[in-house]
file start-v7.pdb (PDB, C-alpha atoms, pLDDT in the B column)
ATOM      1  CA  MET A   1      30.467  40.229 -66.864  1.00 70.00           C
ATOM      2  CA  HIS A   2      27.347  38.537 -68.266  1.00 73.00           C
ATOM      3  CA  PHE A   3      23.711  38.925 -67.311  1.00 85.00           C
ATOM      4  CA  THR A   4      21.983  35.701 -68.299  1.00 93.00           C
ATOM      5  CA  SER A   5      18.442  35.443 -66.988  1.00 95.00           C
ATOM      6  CA  TYR A   6      15.466  33.121 -67.159  1.00 94.00           C
ATOM      7  CA  LEU A   7      11.827  33.430 -66.248  1.00 95.00           C
ATOM      8  CA  GLN A   8       9.765  30.595 -64.840  1.00 95.00           C
ATOM      9  CA  ASP A   9       6.262  30.979 -63.388  1.00 93.00           C
ATOM     10  CA  SER A  10       6.722  34.705 -62.751  1.00 94.00           C
ATOM     11  CA  ARG A  11      10.058  34.053 -61.006  1.00 96.00           C
ATOM     12  CA  LEU A  12      12.924  35.863 -62.732  1.00 97.00           C
ATOM     13  CA  THR A  13      16.442  34.612 -62.033  1.00 97.00           C
ATOM     14  CA  VAL A  14      19.360  36.849 -62.994  1.00 97.00           C
ATOM     15  CA  LEU A  15      22.772  35.176 -63.015  1.00 96.00           C
ATOM     16  CA  LEU A  16      25.533  37.581 -61.987  1.00 96.00           C
ATOM     17  CA  THR A  17      29.218  36.960 -62.680  1.00 96.00           C
ATOM     18  CA  GLY A  18      32.598  38.579 -62.068  1.00 95.00           C
ATOM     19  CA  GLU A  19      33.750  41.044 -59.407  1.00 96.00           C
ATOM     20  CA  ILE A  20      31.331  43.717 -58.179  1.00 96.00           C
ATOM     21  CA  ASP A  21      32.943  46.968 -57.080  1.00 96.00           C
ATOM     22  CA  HIS A  22      32.197  50.681 -57.441  1.00 94.00           C
ATOM     23  CA  HIS A  23      33.795  50.737 -60.909  1.00 94.00           C
ATOM     24  CA  CYS A  24      31.154  48.424 -62.395  1.00 94.00           C
ATOM     25  CA  ALA A  25      28.240  48.593 -59.904  1.00 94.00           C
ATOM     26  CA  LYS A  26      26.203  50.943 -62.106  1.00 94.00           C
ATOM     27  CA  THR A  27      26.371  48.446 -64.980  1.00 95.00           C
ATOM     28  CA  TYR A  28      24.933  45.729 -62.698  1.00 96.00           C
ATOM     29  CA  ILE A  29      22.220  48.083 -61.369  1.00 96.00           C
ATOM     30  CA  THR A  30      21.155  49.142 -64.882  1.00 95.00           C
ATOM     31  CA  ALA A  31      21.180  45.581 -66.258  1.00 96.00           C
ATOM     32  CA  ILE A  32      19.114  44.182 -63.367  1.00 96.00           C
ATOM     33  CA  ASN A  33      16.602  47.052 -63.535  1.00 95.00           C
ATOM     34  CA  SER A  34      16.079  46.604 -67.261  1.00 94.00           C
ATOM     35  CA  LYS A  35      15.497  42.839 -66.799  1.00 95.00           C
ATOM     36  CA  ILE A  36      12.915  43.518 -64.071  1.00 95.00           C
ATOM     37  CA  GLU A  37      11.204  46.159 -66.213  1.00 94.00           C
ATOM     38  CA  ALA A  38      11.172  43.841 -69.252  1.00 93.00           C
ATOM     39  CA  TYR A  39       9.665  40.813 -67.479  1.00 94.00           C
ATOM     40  CA  SER A  40       7.667  42.356 -64.558  1.00 94.00           C
ATOM     41  CA  PRO A  41       8.222  39.284 -62.356  1.00 96.00           C
ATOM     42  CA  GLY A  42       6.448  38.615 -59.055  1.00 97.00           C
ATOM     43  CA  MET A  43       9.779  37.491 -57.656  1.00 97.00           C
ATOM     44  CA  CYS A  44      13.342  38.262 -58.702  1.00 97.00           C
ATOM     45  CA  VAL A  45      16.265  36.078 -57.625  1.00 97.00           C
ATOM     46  CA  LEU A  46      19.795  37.412 -57.969  1.00 97.00           C
ATOM     47  CA  ASP A  47      22.021  34.364 -58.375  1.00 97.00           C
ATOM     48  CA  PHE A  48      25.444  35.292 -56.948  1.00 96.00           C
ATOM     49  CA  SER A  49      27.109  31.905 -57.527  1.00 96.00           C
ATOM     50  CA  GLY A  50      29.305  33.375 -60.294  1.00 95.00           C
ATOM     51  CA  VAL A  51      30.354  36.460 -58.311  1.00 96.00           C
ATOM     52  CA  THR A  52      33.944  35.888 -57.206  1.00 96.00           C
ATOM     53  CA  PHE A  53      34.393  39.132 -55.251  1.00 97.00           C
ATOM     54  CA  MET A  54      32.136  41.870 -53.940  1.00 96.00           C
ATOM     55  CA  ASP A  55      32.652  44.937 -51.747  1.00 96.00           C
ATOM     56  CA  SER A  56      29.900  47.147 -50.314  1.00 93.00           C
ATOM     57  CA  SER A  57      29.027  48.305 -53.855  1.00 94.00           C
ATOM     58  CA  GLY A  58      27.344  44.895 -54.179  1.00 95.00           C
ATOM     59  CA  ILE A  59      25.063  45.873 -51.291  1.00 94.00           C
ATOM     60  CA  ALA A  60      24.002  48.925 -53.318  1.00 93.00           C
ATOM     61  CA  VAL A  61      23.254  46.614 -56.272  1.00 95.00           C
ATOM     62  CA  VAL A  62      20.964  44.471 -54.079  1.00 96.00           C
ATOM     63  CA  ILE A  63      19.289  47.495 -52.440  1.00 94.00           C
ATOM     64  CA  ASN A  64      18.534  49.037 -55.851  1.00 95.00           C
ATOM     65  CA  ALA A  65      16.993  45.763 -57.066  1.00 96.00           C
ATOM     66  CA  LEU A  66      14.972  45.547 -53.831  1.00 96.00           C
ATOM     67  CA  ARG A  67      13.621  49.087 -54.395  1.00 94.00           C
ATOM     68  CA  THR A  68      12.643  48.253 -57.987  1.00 95.00           C
ATOM     69  CA  MET A  69      10.860  45.050 -56.926  1.00 96.00           C
ATOM     70  CA  ASN A  70       9.141  46.767 -53.970  1.00 94.00           C
ATOM     71  CA  ALA A  71       7.854  49.496 -56.307  1.00 94.00           C
ATOM     72  CA  SER A  72       6.052  46.875 -58.395  1.00 91.00           C
ATOM     73  CA  GLY A  73       4.814  44.909 -55.385  1.00 94.00           C
ATOM     74  CA  GLY A  74       7.199  42.003 -55.970  1.00 96.00           C
ATOM     75  CA  THR A  75       9.809  40.334 -53.785  1.00 96.00           C
ATOM     76  CA  LEU A  76      13.560  39.906 -54.078  1.00 97.00           C
ATOM     77  CA  ALA A  77      15.853  37.079 -53.005  1.00 97.00           C
ATOM     78  CA  VAL A  78      19.553  36.360 -53.343  1.00 97.00           C
ATOM     79  CA  SER A  79      20.893  32.878 -54.003  1.00 97.00           C
ATOM     80  CA  SER A  80      24.151  30.930 -53.742  1.00 96.00           C
ATOM     81  CA  PRO A  81      26.643  33.619 -52.645  1.00 96.00           C
ATOM     82  CA  GLN A  82      30.265  32.475 -52.272  1.00 96.00           C
ATOM     83  CA  LYS A  83      31.918  32.735 -48.838  1.00 95.00           C
ATOM     84  CA  GLN A  84      33.475  36.209 -49.263  1.00 96.00           C
ATOM     85  CA  VAL A  85      30.241  37.622 -50.707  1.00 96.00           C
ATOM     86  CA  MET A  86      28.174  36.108 -47.869  1.00 96.00           C
ATOM     87  CA  LYS A  87      30.535  37.703 -45.346  1.00 96.00           C
ATOM     88  CA  VAL A  88      29.876  41.150 -46.863  1.00 96.00           C
ATOM     89  CA  PHE A  89      26.100  40.492 -46.773  1.00 95.00           C
ATOM     90  CA  ARG A  90      26.301  39.520 -43.092  1.00 94.00           C
ATOM     91  CA  ALA A  91      28.528  42.486 -42.135  1.00 93.00           C
ATOM     92  CA  SER A  92      26.067  44.888 -43.770  1.00 91.00           C
ATOM     93  CA  GLY A  93      23.017  43.290 -42.125  1.00 90.00           C
ATOM     94  CA  ILE A  94      21.224  42.945 -45.469  1.00 91.00           C
ATOM     95  CA  ASP A  95      20.687  39.254 -44.726  1.00 90.00           C
ATOM     96  CA  LYS A  96      18.035  40.445 -42.247  1.00 90.00           C
ATOM     97  CA  LEU A  97      16.197  42.463 -44.928  1.00 89.00           C
ATOM     98  CA  ILE A  98      16.031  39.933 -47.737  1.00 92.00           C
ATOM     99  CA  LYS A  99      15.950  36.181 -48.135  1.00 92.00           C
ATOM    100  CA  ILE A 100      19.341  34.659 -48.927  1.00 94.00           C
ATOM    101  CA  GLU A 101      19.184  31.124 -50.287  1.00 90.00           C
ATOM    102  CA  GLU A 102      22.561  29.609 -49.446  1.00 84.00           C
ATOM    103  CA  GLU A 103      23.775  26.670 -51.476  1.00 72.00           C
ATOM    104  CA  VAL A 104      23.430  23.315 -49.741  1.00 58.00           C
ATOM    105  CA  SER A 105      26.801  21.566 -49.812  1.00 52.00           C
TER     106      SER A 105
ATOM    107  CA  MET B   1      64.467  47.453 -39.543  1.00 59.00           C
ATOM    108  CA  LYS B   2      61.077  47.404 -37.837  1.00 83.00           C
ATOM    109  CA  PHE B   3      59.341  45.501 -40.610  1.00 85.00           C
ATOM    110  CA  GLU B   4      60.015  42.283 -42.470  1.00 90.00           C
ATOM    111  CA  ASN B   5      58.963  43.568 -45.878  1.00 96.00           C
ATOM    112  CA  ALA B   6      57.299  46.655 -47.329  1.00 97.00           C
ATOM    113  CA  MET B   7      55.898  48.140 -50.514  1.00 98.00           C
ATOM    114  CA  THR B   8      54.411  51.448 -51.639  1.00 98.00           C
ATOM    115  CA  LEU B   9      51.995  52.032 -54.498  1.00 98.00           C
ATOM    116  CA  GLU B  10      50.877  55.327 -55.990  1.00 98.00           C
ATOM    117  CA  PHE B  11      48.192  55.686 -58.643  1.00 98.00           C
ATOM    118  CA  PRO B  12      45.584  58.216 -59.870  1.00 98.00           C
ATOM    119  CA  SER B  13      42.059  58.132 -58.422  1.00 97.00           C
ATOM    120  CA  LYS B  14      40.499  56.317 -61.391  1.00 96.00           C
ATOM    121  CA  SER B  15      37.828  53.745 -60.579  1.00 95.00           C
ATOM    122  CA  ALA B  16      39.541  51.237 -62.895  1.00 96.00           C
ATOM    123  CA  ASN B  17      42.328  51.139 -60.267  1.00 97.00           C
ATOM    124  CA  GLU B  18      40.058  49.689 -57.538  1.00 97.00           C
ATOM    125  CA  CYS B  19      40.638  46.145 -58.808  1.00 97.00           C
ATOM    126  CA  PHE B  20      44.351  46.823 -59.365  1.00 97.00           C
ATOM    127  CA  ALA B  21      44.805  48.142 -55.804  1.00 98.00           C
ATOM    128  CA  ARG B  22      43.100  45.249 -53.998  1.00 98.00           C
ATOM    129  CA  SER B  23      44.826  42.690 -56.221  1.00 98.00           C
ATOM    130  CA  ALA B  24      48.272  44.277 -55.684  1.00 98.00           C
ATOM    131  CA  VAL B  25      47.866  44.277 -51.892  1.00 98.00           C
ATOM    132  CA  ALA B  26      46.623  40.660 -51.997  1.00 98.00           C
ATOM    133  CA  CYS B  27      49.682  39.660 -54.060  1.00 97.00           C
ATOM    134  CA  PHE B  28      51.972  41.331 -51.514  1.00 98.00           C
ATOM    135  CA  ALA B  29      50.138  39.637 -48.616  1.00 97.00           C
ATOM    136  CA  ALA B  30      50.423  36.219 -50.301  1.00 96.00           C
ATOM    137  CA  GLN B  31      53.988  35.805 -48.946  1.00 95.00           C
ATOM    138  CA  MET B  32      52.438  35.668 -45.424  1.00 96.00           C
ATOM    139  CA  ASP B  33      50.649  32.434 -46.391  1.00 95.00           C
ATOM    140  CA  PRO B  34      47.144  33.734 -45.623  1.00 96.00           C
ATOM    141  CA  THR B  35      44.003  31.606 -45.779  1.00 96.00           C
ATOM    142  CA  LEU B  36      41.570  32.325 -48.619  1.00 95.00           C
ATOM    143  CA  GLU B  37      39.235  33.948 -46.100  1.00 96.00           C
ATOM    144  CA  GLU B  38      41.974  36.255 -44.774  1.00 97.00           C
ATOM    145  CA  LEU B  39      42.931  37.226 -48.313  1.00 97.00           C
ATOM    146  CA  GLY B  40      39.263  37.939 -49.110  1.00 97.00           C
ATOM    147  CA  ASP B  41      38.959  40.139 -46.014  1.00 97.00           C
ATOM    148  CA  ILE B  42      42.077  42.141 -46.959  1.00 98.00           C
ATOM    149  CA  ARG B  43      40.940  42.595 -50.565  1.00 98.00           C
ATOM    150  CA  THR B  44      37.515  43.770 -49.374  1.00 97.00           C
ATOM    151  CA  ALA B  45      38.872  46.307 -46.868  1.00 97.00           C
ATOM    152  CA  VAL B  46      41.380  47.726 -49.387  1.00 98.00           C
ATOM    153  CA  SER B  47      38.666  47.983 -52.042  1.00 97.00           C
ATOM    154  CA  GLU B  48      36.486  49.980 -49.627  1.00 95.00           C
ATOM    155  CA  ALA B  49      39.246  52.392 -48.603  1.00 96.00           C
ATOM    156  CA  VAL B  50      40.427  53.009 -52.173  1.00 97.00           C
ATOM    157  CA  THR B  51      36.840  53.479 -53.398  1.00 95.00           C
ATOM    158  CA  ASN B  52      36.273  56.112 -50.703  1.00 93.00           C
ATOM    159  CA  CYS B  53      39.299  58.053 -52.022  1.00 94.00           C
ATOM    160  CA  ILE B  54      38.038  57.758 -55.610  1.00 94.00           C
ATOM    161  CA  VAL B  55      34.454  58.787 -54.824  1.00 91.00           C
ATOM    162  CA  HIS B  56      35.007  61.488 -52.203  1.00 90.00           C
ATOM    163  CA  ALA B  57      38.579  62.818 -52.057  1.00 91.00           C
ATOM    164  CA  TYR B  58      38.892  64.598 -55.410  1.00 93.00           C
ATOM    165  CA  PRO B  59      35.478  65.954 -56.510  1.00 87.00           C
ATOM    166  CA  GLU B  60      37.071  68.331 -59.035  1.00 86.00           C
ATOM    167  CA  GLY B  61      39.034  65.665 -60.917  1.00 91.00           C
ATOM    168  CA  LEU B  62      41.836  63.165 -60.395  1.00 95.00           C
ATOM    169  CA  GLY B  63      44.339  63.094 -57.558  1.00 96.00           C
ATOM    170  CA  LEU B  64      46.867  60.646 -56.186  1.00 97.00           C
ATOM    171  CA  ILE B  65      46.211  57.725 -53.858  1.00 98.00           C
ATOM    172  CA  THR B  66      49.090  56.131 -51.961  1.00 98.00           C
ATOM    173  CA  ILE B  67      49.078  52.678 -50.392  1.00 98.00           C
ATOM    174  CA  ARG B  68      51.865  51.607 -48.061  1.00 98.00           C
ATOM    175  CA  CYS B  69      51.953  48.009 -46.862  1.00 98.00           C
ATOM    176  CA  ARG B  70      54.320  46.539 -44.314  1.00 97.00           C
ATOM    177  CA  ILE B  71      54.669  43.084 -42.873  1.00 97.00           C
ATOM    178  CA  LEU B  72      55.300  43.457 -39.158  1.00 96.00           C
ATOM    179  CA  LYS B  73      56.408  40.842 -36.656  1.00 92.00           C
ATOM    180  CA  ASP B  74      53.906  38.218 -35.450  1.00 92.00           C
ATOM    181  CA  ASN B  75      52.402  37.960 -38.960  1.00 94.00           C
ATOM    182  CA  VAL B  76      50.689  41.353 -38.927  1.00 97.00           C
ATOM    183  CA  LEU B  77      49.899  43.130 -42.204  1.00 98.00           C
ATOM    184  CA  ASP B  78      49.910  46.915 -41.800  1.00 98.00           C
ATOM    185  CA  ILE B  79      48.138  48.963 -44.500  1.00 98.00           C
ATOM    186  CA  VAL B  80      48.006  52.757 -44.845  1.00 98.00           C
ATOM    187  CA  ILE B  81      45.835  54.267 -47.606  1.00 98.00           C
ATOM    188  CA  LYS B  82      46.230  57.978 -48.079  1.00 97.00           C
ATOM    189  CA  ASP B  83      44.862  60.765 -50.260  1.00 97.00           C
ATOM    190  CA  LYS B  84      45.526  64.504 -50.383  1.00 96.00           C
ATOM    191  CA  GLY B  85      41.937  65.394 -51.195  1.00 94.00           C
ATOM    192  CA  VAL B  86      39.212  67.489 -49.604  1.00 92.00           C
ATOM    193  CA  GLY B  87      39.090  65.481 -46.367  1.00 88.00           C
ATOM    194  CA  ILE B  88      36.042  64.337 -44.411  1.00 84.00           C
ATOM    195  CA  GLU B  89      34.207  67.106 -42.561  1.00 78.00           C
ATOM    196  CA  ASN B  90      32.578  64.827 -40.006  1.00 75.00           C
ATOM    197  CA  VAL B  91      34.359  61.484 -39.577  1.00 73.00           C
ATOM    198  CA  GLU B  92      31.922  60.223 -36.943  1.00 77.00           C
ATOM    199  CA  GLN B  93      28.976  60.787 -39.276  1.00 76.00           C
ATOM    200  CA  ALA B  94      30.854  59.176 -42.192  1.00 74.00           C
ATOM    201  CA  ARG B  95      31.394  56.052 -40.066  1.00 73.00           C
ATOM    202  CA  THR B  96      27.658  55.678 -39.391  1.00 74.00           C
ATOM    203  CA  PRO B  97      26.322  52.566 -41.201  1.00 72.00           C
ATOM    204  CA  MET B  98      24.183  53.417 -44.280  1.00 69.00           C
ATOM    205  CA  PHE B  99      25.376  57.050 -44.327  1.00 71.00           C
ATOM    206  CA  THR B 100      26.624  58.049 -47.769  1.00 72.00           C
ATOM    207  CA  THR B 101      27.083  61.144 -49.887  1.00 70.00           C
ATOM    208  CA  GLY B 102      27.992  58.938 -52.866  1.00 69.00           C
ATOM    209  CA  GLY B 103      25.725  57.935 -55.763  1.00 68.00           C
ATOM    210  CA  VAL B 104      23.293  55.020 -56.163  1.00 64.00           C
ATOM    211  CA  GLU B 105      26.224  52.619 -56.463  1.00 69.00           C
ATOM    212  CA  ARG B 106      27.309  53.332 -52.863  1.00 70.00           C
ATOM    213  CA  SER B 107      25.653  51.813 -49.799  1.00 69.00           C
ATOM    214  CA  GLY B 108      27.246  53.718 -46.919  1.00 77.00           C
ATOM    215  CA  MET B 109      28.701  50.484 -45.527  1.00 85.00           C
ATOM    216  CA  GLY B 110      32.366  51.026 -46.437  1.00 88.00           C
ATOM    217  CA  PHE B 111      33.699  51.955 -42.994  1.00 91.00           C
ATOM    218  CA  THR B 112      31.575  49.252 -41.321  1.00 91.00           C
ATOM    219  CA  ILE B 113      33.066  46.617 -43.656  1.00 93.00           C
ATOM    220  CA  MET B 114      36.636  47.858 -43.034  1.00 95.00           C
ATOM    221  CA  GLU B 115      36.109  47.761 -39.253  1.00 94.00           C
ATOM    222  CA  THR B 116      34.543  44.298 -39.395  1.00 94.00           C
ATOM    223  CA  PHE B 117      37.136  42.713 -41.687  1.00 96.00           C
ATOM    224  CA  MET B 118      40.338  44.088 -40.163  1.00 97.00           C
ATOM    225  CA  THR B 119      41.901  43.606 -36.702  1.00 97.00           C
ATOM    226  CA  THR B 120      42.406  47.351 -36.137  1.00 97.00           C
ATOM    227  CA  PHE B 121      41.090  50.327 -38.088  1.00 96.00           C
ATOM    228  CA  ALA B 122      41.594  54.092 -37.748  1.00 96.00           C
ATOM    229  CA  VAL B 123      40.736  57.051 -39.930  1.00 95.00           C
ATOM    230  CA  ASN B 124      42.382  60.444 -39.699  1.00 95.00           C
ATOM    231  CA  SER B 125      41.070  63.294 -41.820  1.00 93.00           C
ATOM    232  CA  LYS B 126      41.564  67.014 -42.054  1.00 93.00           C
ATOM    233  CA  SER B 127      39.429  69.295 -44.193  1.00 92.00           C
ATOM    234  CA  GLY B 128      41.402  70.500 -47.226  1.00 92.00           C
ATOM    235  CA  VAL B 129      44.431  68.350 -46.372  1.00 95.00           C
ATOM    236  CA  GLY B 130      43.332  64.762 -46.971  1.00 95.00           C
ATOM    237  CA  THR B 131      42.426  61.473 -45.359  1.00 95.00           C
ATOM    238  CA  THR B 132      44.510  58.586 -44.062  1.00 97.00           C
ATOM    239  CA  VAL B 133      43.081  55.157 -43.303  1.00 97.00           C
ATOM    240  CA  HIS B 134      45.289  52.890 -41.200  1.00 98.00           C
ATOM    241  CA  MET B 135      44.354  49.216 -40.913  1.00 98.00           C
ATOM    242  CA  ARG B 136      46.047  46.139 -39.547  1.00 98.00           C
ATOM    243  CA  ARG B 137      45.238  42.501 -39.942  1.00 98.00           C
ATOM    244  CA  LYS B 138      46.829  39.790 -37.848  1.00 97.00           C
ATOM    245  CA  LEU B 139      47.047  36.592 -39.841  1.00 96.00           C
ATOM    246  CA  GLN B 140      46.843  33.140 -38.327  1.00 90.00           C
ATOM    247  CA  ARG B 141      50.059  31.152 -38.534  1.00 77.00           C
ATOM    248  CA  ARG B 142      49.264  27.920 -40.321  1.00 68.00           C
ATOM    249  CA  LYS B 143      50.910  24.700 -39.171  1.00 60.00           C
TER     250      LYS B 143
END

call {"tool": "encode", "arguments": {"input": "start-v7.pdb", "output": "structure tokens"}}
result
Amino acid sequence: MHFTSYLQDSRLTVLLTGEIDHHCAKTYITAINSKIEAYSPGMCVLDFSGVTFMDSSGIAVVINALRTMNASGGTLAVSSPQKQVMKVFRASGIDKLIKIEEEVS
Amino acid sequence: MKFENAMTLEFPSKSANECFARSAVACFAAQMDPTLEELGDIRTAVSEAVTNCIVHAYPEGLGLITIRCRILKDNVLDIVIKDKGVGIENVEQARTPMFTTGGVERSGMGFTIMETFMTTFAVNSKSGVGTTVHMRRKLQRRK
């Protein structure tokens, strides 16, 4: 898994890759938190386009990032989830809590 | 024989086996010619059930997890995931969305996901004896 990120106009985008399950969720949570702490963005976007599988541990990853951004007064969004990942977001209802930018095809 | 094919897997409750378990079940299900979406649903539900065993069943160390898969008539995949751990004290509470006794990496959505992604879902648990999750998924026959 890689955690490439870029900052533009106070908007931090973190590119996530690989499969997110309980085994590696803590690594994702820690990496995202340290990026947010390092850049203090007004908005953080978790780009899920490179995530090929996710179970409900991925929901915990998003919720932890949301808590970190809320604590600093910022906002969180998710972008470009693949079909299986989007299905998990919908089943959990998290798509009602945060903005999900789906890829236009 | 009441099933068309079957397999059984047994492995220790190590989190590294979550990926192995869902991939193994997906490989077995591949002979049913599932769609990508069906395969994704099965992998997700298996990942949730196995993770529950790993996180909750054996708090004092490692124990065994057993998965039995059968292909039944009418293109139905039958999956039983079993542990001999501490059991769930209150199954109804455990099935409540967002309820978790796990760490920060758990969301409390595991049972909700399993119920949503599979055709049938049942959980049977006894304190001190273990937990069995029984799920079925009917796959569409492709022309």

call {"tool": "interface_residues", "arguments": {"input": "start-v7.pdb", "of": "chain B", "to": "chain A", "cutoff": "8 Å", "atoms": "all atoms listed in the file", "output": "number ranges by chain"}}
result
B: 15-16, 18-19, 37, 40-41, 44, 47-48, 51, 104-110, 112-113, 116

call {"tool": "resolve_selection", "arguments": {"input": "start-v7.pdb", "expression": "the PyMOL selection byres ((chain B and resi 124) around 10)", "output": "ChimeraX atom specification"}}
result
/B:82,87-88,91,122-123,125-126,130-134

call {"tool": "write_last_selection", "arguments": {"input": "start-v7.pdb", "atoms": "C-alpha atoms", "output": "PDB file, in the coordinates of the input"}}
result
ATOM      1  CA  LYS B  82      46.230  57.978 -48.079  1.00 97.00           C
ATOM      2  CA  GLY B  87      39.090  65.481 -46.367  1.00 88.00           C
ATOM      3  CA  ILE B  88      36.042  64.337 -44.411  1.00 84.00           C
ATOM      4  CA  VAL B  91      34.359  61.484 -39.577  1.00 73.00           C
ATOM      5  CA  ALA B 122      41.594  54.092 -37.748  1.00 96.00           C
ATOM      6  CA  VAL B 123      40.736  57.051 -39.930  1.00 95.00           C
ATOM      7  CA  SER B 125      41.070  63.294 -41.820  1.00 93.00           C
ATOM      8  CA  LYS B 126      41.564  67.014 -42.054  1.00 93.00           C
ATOM      9  CA  GLY B 130      43.332  64.762 -46.971  1.00 95.00           C
ATOM     10  CA  THR B 131      42.426  61.473 -45.359  1.00 95.00           C
ATOM     11  CA  THR B 132      44.510  58.586 -44.062  1.00 97.00           C
ATOM     12  CA  VAL B 133      43.081  55.157 -43.303  1.00 97.00           C
ATOM     13  CA  HIS B 134      45.289  52.890 -41.200  1.00 98.00           C
TER      14      HIS B 134
END

call {"tool": "atom_distance", "arguments": {"input": "start-v7.pdb", "atom1": "CA of Glu37 in chain A", "atom2": "CA of Ile98 in chain A"}}
result
20.1 Å

call {"tool": "resolve_selection", "arguments": {"input": "start-v7.pdb", "expression": "the PyMOL selection byres ((chain A and resi 2) around 9)", "output": "PyMOL selection string"}}
result
chain A and resi 1+3-4+15-18

call {"tool": "atom_distance", "arguments": {"input": "start-v7.pdb", "atom1": "CA of Arg136 in chain B", "atom2": "CA of Ile79 in chain B"}}
result
6.1 Å

call {"tool": "residues_around", "arguments": {"input": "start-v7.pdb", "residues": "range 8-13 of chain A", "least_positions_apart": "3", "cutoff": "8 Å", "atoms": "all atoms listed in the file", "output": "list in words"}}
result
Ser5, Ile36, Tyr39, Ser40, Pro41, Gly42, Met43, Cys44, Val45, Leu46 and Asp47 of chain A

call {"tool": "build_atoms", "arguments": {"input": "start-v7.pdb", "residues": "range 64-75 of chain B", "atoms": "N, CA and C atoms", "output": "mmCIF file, keeping the file's coordinate frame"}}
result
data_model
loop_
_atom_site.group_PDB
_atom_site.id
_atom_site.type_symbol
_atom_site.label_atom_id
_atom_site.label_comp_id
_atom_site.auth_asym_id
_atom_site.auth_seq_id
_atom_site.Cartn_x
_atom_site.Cartn_y
_atom_site.Cartn_z
ATOM 1 N N LEU B 64 46.073 61.848 -56.440
ATOM 2 C CA LEU B 64 46.867 60.646 -56.186
ATOM 3 C C LEU B 64 46.395 59.901 -54.930
ATOM 4 N N ILE B 65 46.480 58.597 -55.009
ATOM 5 C CA ILE B 65 46.211 57.725 -53.858
ATOM 6 C C ILE B 65 47.486 56.941 -53.585
ATOM 7 N N THR B 66 47.880 56.877 -52.320
ATOM 8 C CA THR B 66 49.090 56.131 -51.961
ATOM 9 C C THR B 66 48.714 54.986 -51.022
ATOM 10 N N ILE B 67 49.256 53.831 -51.297
ATOM 11 C CA ILE B 67 49.078 52.678 -50.392
ATOM 12 C C ILE B 67 50.459 52.249 -49.916
ATOM 13 N N ARG B 68 50.612 52.144 -48.598
ATOM 14 C CA ARG B 68 51.865 51.607 -48.061
ATOM 15 C C ARG B 68 51.532 50.361 -47.257
ATOM 16 N N CYS B 69 52.174 49.266 -47.590
ATOM 17 C CA CYS B 69 51.953 48.009 -46.862
ATOM 18 C C CYS B 69 53.250 47.566 -46.213
ATOM 19 N N ARG B 70 53.140 47.085 -44.984
ATOM 20 C CA ARG B 70 54.320 46.539 -44.314
ATOM 21 C C ARG B 70 53.941 45.228 -43.632
ATOM 22 N N ILE B 71 54.875 44.316 -43.637
ATOM 23 C CA ILE B 71 54.669 43.084 -42.873
ATOM 24 C C ILE B 71 55.426 43.256 -41.562
ATOM 25 N N LEU B 72 54.702 43.264 -40.474
ATOM 26 C CA LEU B 72 55.300 43.457 -39.158
ATOM 27 C C LEU B 72 55.514 42.108 -38.488
ATOM 28 N N LYS B 73 56.179 42.108 -37.349
ATOM 29 C CA LYS B 73 56.408 40.842 -36.656
ATOM 30 C C LYS B 73 55.078 40.245 -36.187
ATOM 31 N N ASP B 74 55.094 38.972 -35.870
ATOM 32 C CA ASP B 74 53.906 38.218 -35.450
ATOM 33 C C ASP B 74 52.857 38.120 -36.556
ATOM 34 N N ASN B 75 53.309 38.149 -37.815
ATOM 35 C CA ASN B 75 52.402 37.960 -38.960
ATOM 36 C C ASN B 75 51.281 39.000 -39.030
#
